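K.L.:
Here you go, run16.cif (mmCIF, C-alpha atoms):
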data_protein
loop_
_atom_site.group_PDB
_atom_site.id
_atom_site.type_symbol
_atom_site.label_atom_id
_atom_site.label_comp_id
_atom_site.auth_asym_id
_atom_site.auth_seq_id
_atom_site.Cartn_x
_atom_site.Cartn_y
_atom_site.Cartn_z
ATOM 1 C CA MET R 393 -28.158 60.186 -13.088
ATOM 2 C CA LYS R 394 -29.042 56.612 -12.146
ATOM 3 C CA LYS R 395 -27.683 55.699 -8.729
ATOM 4 C CA TYR R 396 -27.946 52.260 -7.127
ATOM 5 C CA VAL R 397 -27.058 51.424 -3.528
ATOM 6 C CA ALA R 398 -26.651 47.752 -2.690
ATOM 7 C CA THR R 399 -25.956 46.322 0.766
ATOM 8 C CA GLY R 400 -25.493 42.855 2.178
ATOM 9 C CA SER R 401 -23.465 40.471 0.055
ATOM 10 C CA VAL R 402 -22.938 42.527 -3.114
ATOM 11 C CA THR R 403 -21.467 41.009 -6.279
ATOM 12 C CA ILE R 404 -20.940 42.927 -9.510
ATOM 13 C CA GLU R 405 -19.880 40.971 -12.588
ATOM 14 C CA ARG R 406 -18.752 42.851 -15.659
ATOM 15 C CA ALA R 407 -16.595 41.927 -18.673
ATOM 16 C CA GLY R 408 -14.912 38.988 -16.927
ATOM 17 C CA ALA R 409 -14.377 40.907 -13.677
ATOM 18 C CA VAL R 410 -16.031 40.179 -10.329
ATOM 19 C CA LEU R 411 -16.265 42.759 -7.531
ATOM 20 C CA ARG R 412 -17.504 41.706 -4.075
ATOM 21 C CA SER R 413 -18.236 43.849 -1.035
ATOM 22 C CA ALA R 414 -20.809 44.364 1.707
ATOM 23 C CA GLU R 415 -21.876 47.718 0.230
ATOM 24 C CA VAL R 416 -21.557 49.393 -3.173
ATOM 25 C CA THR R 417 -22.936 52.644 -4.540
ATOM 26 C CA TYR R 418 -22.984 52.462 -8.336
ATOM 27 C CA TYR R 419 -23.586 55.332 -10.766
ATOM 28 C CA GLU R 420 -24.791 53.794 -14.025
ATOM 29 C CA ASP R 421 -24.175 56.836 -16.268
ATOM 30 C CA SER R 422 -20.472 57.070 -15.396
ATOM 31 C CA SER R 423 -19.787 53.414 -14.383
ATOM 32 C CA GLU R 424 -18.378 54.735 -11.095
ATOM 33 C CA ALA R 425 -18.557 52.525 -8.027
ATOM 34 C CA VAL R 426 -17.958 53.749 -4.467
ATOM 35 C CA ILE R 427 -17.138 50.956 -2.034
ATOM 36 C CA PRO R 428 -16.900 52.222 1.575
ATOM 37 C CA GLY R 429 -15.832 48.891 3.123
ATOM 38 C CA HIS R 430 -13.669 45.834 2.436
ATOM 39 C CA LEU R 431 -13.725 44.581 -1.138
ATOM 40 C CA THR R 432 -12.272 41.927 -3.397
ATOM 41 C CA TYR R 433 -11.889 42.330 -7.136
ATOM 42 C CA ASN R 434 -10.819 39.631 -9.592
ATOM 43 C CA ASP R 435 -10.418 39.585 -13.343
ATOM 44 C CA PRO R 436 -8.337 37.243 -15.529
ATOM 45 C CA GLU R 437 -5.155 39.300 -14.942
ATOM 46 C CA THR R 438 -5.531 40.951 -11.531
ATOM 47 C CA SER R 439 -6.665 40.236 -7.967
ATOM 48 C CA ILE R 440 -7.225 43.151 -5.582
ATOM 49 C CA THR R 441 -8.217 43.436 -1.938
ATOM 50 C CA ALA R 442 -8.768 46.830 -0.334
ATOM 51 C CA GLU R 443 -10.321 48.450 2.730
ATOM 52 C CA LYS R 444 -12.297 50.826 0.502
ATOM 53 C CA ALA R 445 -12.275 52.120 -3.063
ATOM 54 C CA GLU R 446 -13.635 54.383 -5.755
ATOM 55 C CA MET R 447 -13.502 52.681 -9.151
ATOM 56 C CA ASN R 448 -14.569 53.215 -12.729
ATOM 57 C CA LEU R 449 -15.702 49.754 -13.795
ATOM 58 C CA ASP R 450 -15.551 50.497 -17.541
ATOM 59 C CA ALA R 451 -12.091 52.068 -17.539
ATOM 60 C CA ARG R 452 -10.851 49.716 -14.774
ATOM 61 C CA THR R 453 -9.231 52.649 -12.999
ATOM 62 C CA GLY R 454 -9.668 54.014 -9.508
ATOM 63 C CA ARG R 455 -8.342 54.796 -6.068
ATOM 64 C CA LEU R 456 -7.818 52.004 -3.543
ATOM 65 C CA VAL R 457 -7.213 52.470 0.188
ATOM 66 C CA GLY R 458 -5.387 49.830 2.238
ATOM 67 C CA ALA R 459 -4.820 47.813 -0.912
ATOM 68 C CA LYS R 460 -3.024 44.711 -2.121
ATOM 69 C CA VAL R 461 -2.784 44.193 -5.876
ATOM 70 C CA PHE R 462 -1.637 40.896 -7.390
ATOM 71 C CA TYR R 463 -0.865 40.925 -11.103
ATOM 72 C CA LYS R 464 -1.168 37.217 -11.964
ATOM 73 C CA LYS R 465 0.727 36.916 -15.249
ATOM 74 C CA TYR R 466 3.996 38.286 -13.851
ATOM 75 C CA ASN R 467 3.479 37.354 -10.194
ATOM 76 C CA TYR R 468 3.777 41.007 -9.055
ATOM 77 C CA HIS R 469 2.513 41.984 -5.602
ATOM 78 C CA ILE R 470 2.004 45.697 -4.887
ATOM 79 C CA SER R 471 0.623 46.906 -1.563
ATOM 80 C CA GLY R 472 0.140 50.328 -0.074
ATOM 81 C CA SER R 473 -1.989 52.555 2.110
ATOM 82 C CA GLU R 474 -3.269 54.189 -1.094
ATOM 83 C CA ILE R 475 -2.912 52.961 -4.677
ATOM 84 C CA GLU R 476 -4.268 54.583 -7.805
ATOM 85 C CA LYS R 477 -4.828 52.527 -10.918
ATOM 86 C CA ARG R 478 -4.379 55.205 -13.570
ATOM 87 C CA GLY R 479 -4.397 53.081 -16.713
ATOM 88 C CA GLU R 480 -4.421 49.566 -18.121
ATOM 89 C CA ASP R 481 -1.208 48.479 -16.369
ATOM 90 C CA TYR R 482 -0.226 51.741 -14.653
ATOM 91 C CA TYR R 483 -0.311 52.124 -10.854
ATOM 92 C CA PHE R 484 0.814 54.996 -8.610
ATOM 93 C CA SER R 485 1.206 55.008 -4.836
ATOM 94 C CA PRO R 486 2.654 57.634 -2.498
ATOM 95 C CA ASP R 487 4.053 54.774 -0.347
ATOM 96 C CA ALA R 488 4.104 51.130 -1.470
ATOM 97 C CA THR R 489 5.905 47.799 -1.402
ATOM 98 C CA PHE R 490 6.656 45.634 -4.436
ATOM 99 C CA THR R 491 7.707 41.983 -4.646
ATOM 100 C CA THR R 492 7.350 38.754 -6.588
ATOM 101 C CA CYS R 493 7.580 36.693 -3.389
ATOM 102 C CA ASP R 494 4.448 34.575 -2.772
ATOM 103 C CA ALA R 495 4.934 33.940 0.958
ATOM 104 C CA PRO R 496 2.164 35.329 3.232
ATOM 105 C CA VAL R 497 4.866 37.408 4.944
ATOM 106 C CA HIS R 498 7.112 38.370 2.052
ATOM 107 C CA ALA R 499 10.684 37.116 2.418
ATOM 108 C CA TRP R 500 11.857 40.153 0.447
ATOM 109 C CA CYS R 501 10.427 43.338 -1.051
ATOM 110 C CA PHE R 502 11.230 46.854 -2.170
ATOM 111 C CA LYS R 503 9.551 49.719 -0.310
ATOM 112 C CA GLY R 504 9.509 53.306 -1.494
ATOM 113 C CA ARG R 505 7.721 56.629 -1.912
ATOM 114 C CA ASP R 506 6.120 58.004 -5.087
ATOM 115 C CA VAL R 507 5.991 54.542 -6.633
ATOM 116 C CA ASN R 508 5.142 54.522 -10.355
ATOM 117 C CA THR R 509 4.606 51.090 -11.865
ATOM 118 C CA VAL R 510 3.892 50.041 -15.422
ATOM 119 C CA ILE R 511 3.476 46.293 -15.126
ATOM 120 C CA ASP R 512 6.253 44.337 -16.911
ATOM 121 C CA LYS R 513 7.896 47.555 -18.133
ATOM 122 C CA ARG R 514 9.185 49.739 -15.303
ATOM 123 C CA LEU R 515 8.974 50.609 -11.651
ATOM 124 C CA THR R 516 10.372 53.826 -10.216
ATOM 125 C CA SER R 517 10.285 55.111 -6.655
ATOM 126 C CA ARG R 518 12.004 57.518 -4.286
ATOM 127 C CA ASP R 519 13.691 56.772 -0.957
ATOM 128 C CA THR R 520 13.643 53.072 -1.782
ATOM 129 C CA THR R 521 14.786 50.316 0.527
ATOM 130 C CA PHE R 522 15.353 46.660 -0.261
ATOM 131 C CA ARG R 523 13.996 44.645 2.665
ATOM 132 C CA ILE R 524 14.445 41.099 3.851
ATOM 133 C CA LYS R 525 11.646 40.020 6.190
ATOM 134 C CA ASP R 526 10.728 43.723 6.474
ATOM 135 C CA LEU R 527 14.202 44.735 7.670
ATOM 136 C CA PRO R 528 15.894 47.328 5.435
ATOM 137 C CA VAL R 529 19.233 46.056 4.107
ATOM 138 C CA PHE R 530 19.881 48.491 1.234
ATOM 139 C CA TYR R 531 18.809 52.088 0.534
ATOM 140 C CA THR R 532 18.789 54.114 -2.663
ATOM 141 C CA PRO R 533 17.316 57.610 -3.108
ATOM 142 C CA TYR R 534 15.819 56.672 -6.542
#
Is it possible to give me this structure as structure tokens?
P.N.:
Amino acid sequence: MKKYVATGSVTIERAGAVLRSAEVTYYEDSSEAVIPGHLTYNDPETSITAEKAEMNLDARTGRLVGAKVFYKKYNYHISGSEIEKRGEDYYFSPDATFTTCDAPVHAWCFKGRDVNTVIDKRLTSRDTTFRIKDLPVFYTPY
């Protein structure tokens, strides 16, 4: 198993995607990357920032901690303490917010538990609240 550890100002470019962090451990045989600190990831469709992550760079899947995901084409913002990218456009989070508002502090958003998102197809969650400036104004159990 080929393992590479890079520290400092690390940049990984692959298939139109750019990953940047101060430290990355990369396993060449599996295309797995472990990023223990802050990272940014950009490809033509998605921008991600996270506190730390474990990602498969070939499959473009992984687990993000303290993450914000911006899906450019549809202007979707998803943020959560933990987000899993399980497929091409499929995200899961035990607790996340979702909005299309571009303001630094979102004017509105939905917040819920067990959030399942297939970009531009569906979003489901439990114990969901609609929030205006982070104040809950409407609740629905699903």
K.L.:
Determine the residue membership of the PyMOL selection byres ((chain R and resi 414) around 9) for the file above and supply it as a list in words.
P.N.:
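On this input, the PyMOL selection byres ((chain R and resi 414) around 9) captures Ala398, Thr399, Gly400, Ser401, Val402, Thr403, Arg412, Ser413, Glu415, Val416, Ile427, Pro428, Gly429, His430 and Leu431 of chain R.
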K.L.:
Given the file shown, determine the residues that the PyMOL selection byres ((chain R and resi 473-488) around 12) selects; report them as a PDB file with C-alpha atoms, keeping the file's coordinate frame.
P.N.:
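Below is the file that was written, part.pdb:
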ATOM      1  CA  GLU R 437      -5.155  39.300 -14.942  1.00  0.00           C
ATOM      2  CA  THR R 438      -5.531  40.951 -11.531  1.00  0.00           C
ATOM      3  CA  ILE R 440      -7.225  43.151  -5.582  1.00  0.00           C
ATOM      4  CA  THR R 441      -8.217  43.436  -1.938  1.00  0.00           C
ATOM      5  CA  ALA R 442      -8.768  46.830  -0.334  1.00  0.00           C
ATOM      6  CA  GLU R 443     -10.321  48.450   2.730  1.00  0.00           C
ATOM      7  CA  LYS R 444     -12.297  50.826   0.502  1.00  0.00           C
ATOM      8  CA  ALA R 445     -12.275  52.120  -3.063  1.00  0.00           C
ATOM      9  CA  GLU R 446     -13.635  54.383  -5.755  1.00  0.00           C
ATOM     10  CA  MET R 447     -13.502  52.681  -9.151  1.00  0.00           C
ATOM     11  CA  ASN R 448     -14.569  53.215 -12.729  1.00  0.00           C
ATOM     12  CA  LEU R 449     -15.702  49.754 -13.795  1.00  0.00           C
ATOM     13  CA  ASP R 450     -15.551  50.497 -17.541  1.00  0.00           C
ATOM     14  CA  ALA R 451     -12.091  52.068 -17.539  1.00  0.00           C
ATOM     15  CA  ARG R 452     -10.851  49.716 -14.774  1.00  0.00           C
ATOM     16  CA  THR R 453      -9.231  52.649 -12.999  1.00  0.00           C
ATOM     17  CA  GLY R 454      -9.668  54.014  -9.508  1.00  0.00           C
ATOM     18  CA  ARG R 455      -8.342  54.796  -6.068  1.00  0.00           C
ATOM     19  CA  LEU R 456      -7.818  52.004  -3.543  1.00  0.00           C
ATOM     20  CA  VAL R 457      -7.213  52.470   0.188  1.00  0.00           C
ATOM     21  CA  GLY R 458      -5.387  49.830   2.238  1.00  0.00           C
ATOM     22  CA  ALA R 459      -4.820  47.813  -0.912  1.00  0.00           C
ATOM     23  CA  LYS R 460      -3.024  44.711  -2.121  1.00  0.00           C
ATOM     24  CA  VAL R 461      -2.784  44.193  -5.876  1.00  0.00           C
ATOM     25  CA  PHE R 462      -1.637  40.896  -7.390  1.00  0.00           C
ATOM     26  CA  TYR R 463      -0.865  40.925 -11.103  1.00  0.00           C
ATOM     27  CA  LYS R 465       0.727  36.916 -15.249  1.00  0.00           C
ATOM     28  CA  TYR R 466       3.996  38.286 -13.851  1.00  0.00           C
ATOM     29  CA  TYR R 468       3.777  41.007  -9.055  1.00  0.00           C
ATOM     30  CA  HIS R 469       2.513  41.984  -5.602  1.00  0.00           C
ATOM     31  CA  ILE R 470       2.004  45.697  -4.887  1.00  0.00           C
ATOM     32  CA  SER R 471       0.623  46.906  -1.563  1.00  0.00           C
ATOM     33  CA  GLY R 472       0.140  50.328  -0.074  1.00  0.00           C
ATOM     34  CA  THR R 489       5.905  47.799  -1.402  1.00  0.00           C
ATOM     35  CA  PHE R 490       6.656  45.634  -4.436  1.00  0.00           C
ATOM     36  CA  THR R 491       7.707  41.983  -4.646  1.00  0.00           C
ATOM     37  CA  CYS R 501      10.427  43.338  -1.051  1.00  0.00           C
ATOM     38  CA  PHE R 502      11.230  46.854  -2.170  1.00  0.00           C
ATOM     39  CA  LYS R 503       9.551  49.719  -0.310  1.00  0.00           C
ATOM     40  CA  GLY R 504       9.509  53.306  -1.494  1.00  0.00           C
ATOM     41  CA  ARG R 505       7.721  56.629  -1.912  1.00  0.00           C
ATOM     42  CA  ASP R 506       6.120  58.004  -5.087  1.00  0.00           C
ATOM     43  CA  VAL R 507       5.991  54.542  -6.633  1.00  0.00           C
ATOM     44  CA  ASN R 508       5.142  54.522 -10.355  1.00  0.00           C
ATOM     45  CA  THR R 509       4.606  51.090 -11.865  1.00  0.00           C
ATOM     46  CA  VAL R 510       3.892  50.041 -15.422  1.00  0.00           C
ATOM     47  CA  ILE R 511       3.476  46.293 -15.126  1.00  0.00           C
ATOM     48  CA  ASP R 512       6.253  44.337 -16.911  1.00  0.00           C
ATOM     49  CA  LYS R 513       7.896  47.555 -18.133  1.00  0.00           C
ATOM     50  CA  ARG R 514       9.185  49.739 -15.303  1.00  0.00           C
ATOM     51  CA  LEU R 515       8.974  50.609 -11.651  1.00  0.00           C
ATOM     52  CA  THR R 516      10.372  53.826 -10.216  1.00  0.00           C
ATOM     53  CA  SER R 517      10.285  55.111  -6.655  1.00  0.00           C
ATOM     54  CA  ARG R 518      12.004  57.518  -4.286  1.00  0.00           C
ATOM     55  CA  ASP R 519      13.691  56.772  -0.957  1.00  0.00           C
ATOM     56  CA  THR R 520      13.643  53.072  -1.782  1.00  0.00           C
ATOM     57  CA  THR R 521      14.786  50.316   0.527  1.00  0.00           C
TER      58      THR R 521
END
K.L.:
Enumerate, as a ChimeraX atom specification, the residues matched when the PyMOL selection byres ((chain R and resi 409) around 8) is run on the file above.
P.N.:
/R:405-408,410-411,433-436
K.L.:
Using all atoms listed in the file, list the residues that have an atom at most 12 Å from (5.1, 38.5, 4.5), coordinates as in the file, as a list in words.
P.N.:
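Looking at atoms near the point gives His469, Ser471, Thr489, Phe490, Thr491, Thr492, Cys493, Asp494, Ala495, Pro496, Val497, His498, Ala499, Trp500, Cys501, Arg523, Ile524, Lys525, Asp526 and Leu527 of chain R.
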K.L.:
Rounded to one decimal place, report the atom CA of Thr417 of chain R-atom CA of Thr432 of chain R distance in Å.
P.N.:
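It comes out at 15.2 Å.
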K.L.:
Can you tell me how far atom CA of Tyr419 of chain R sits from atom CA of Val397 of chain R, in Å to one decimal?
P.N.:
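Distance between the two atoms: 8.9 Å.
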K.L.:
For atom CA of Met393 of chain R and atom CA of Ala425 of chain R, determine how far apart the two atoms are, in Å to one decimal place.
P.N.:
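If I compute the distance from atom CA of Met393 of chain R to atom CA of Ala425 of chain R, I get 13.3 Å.
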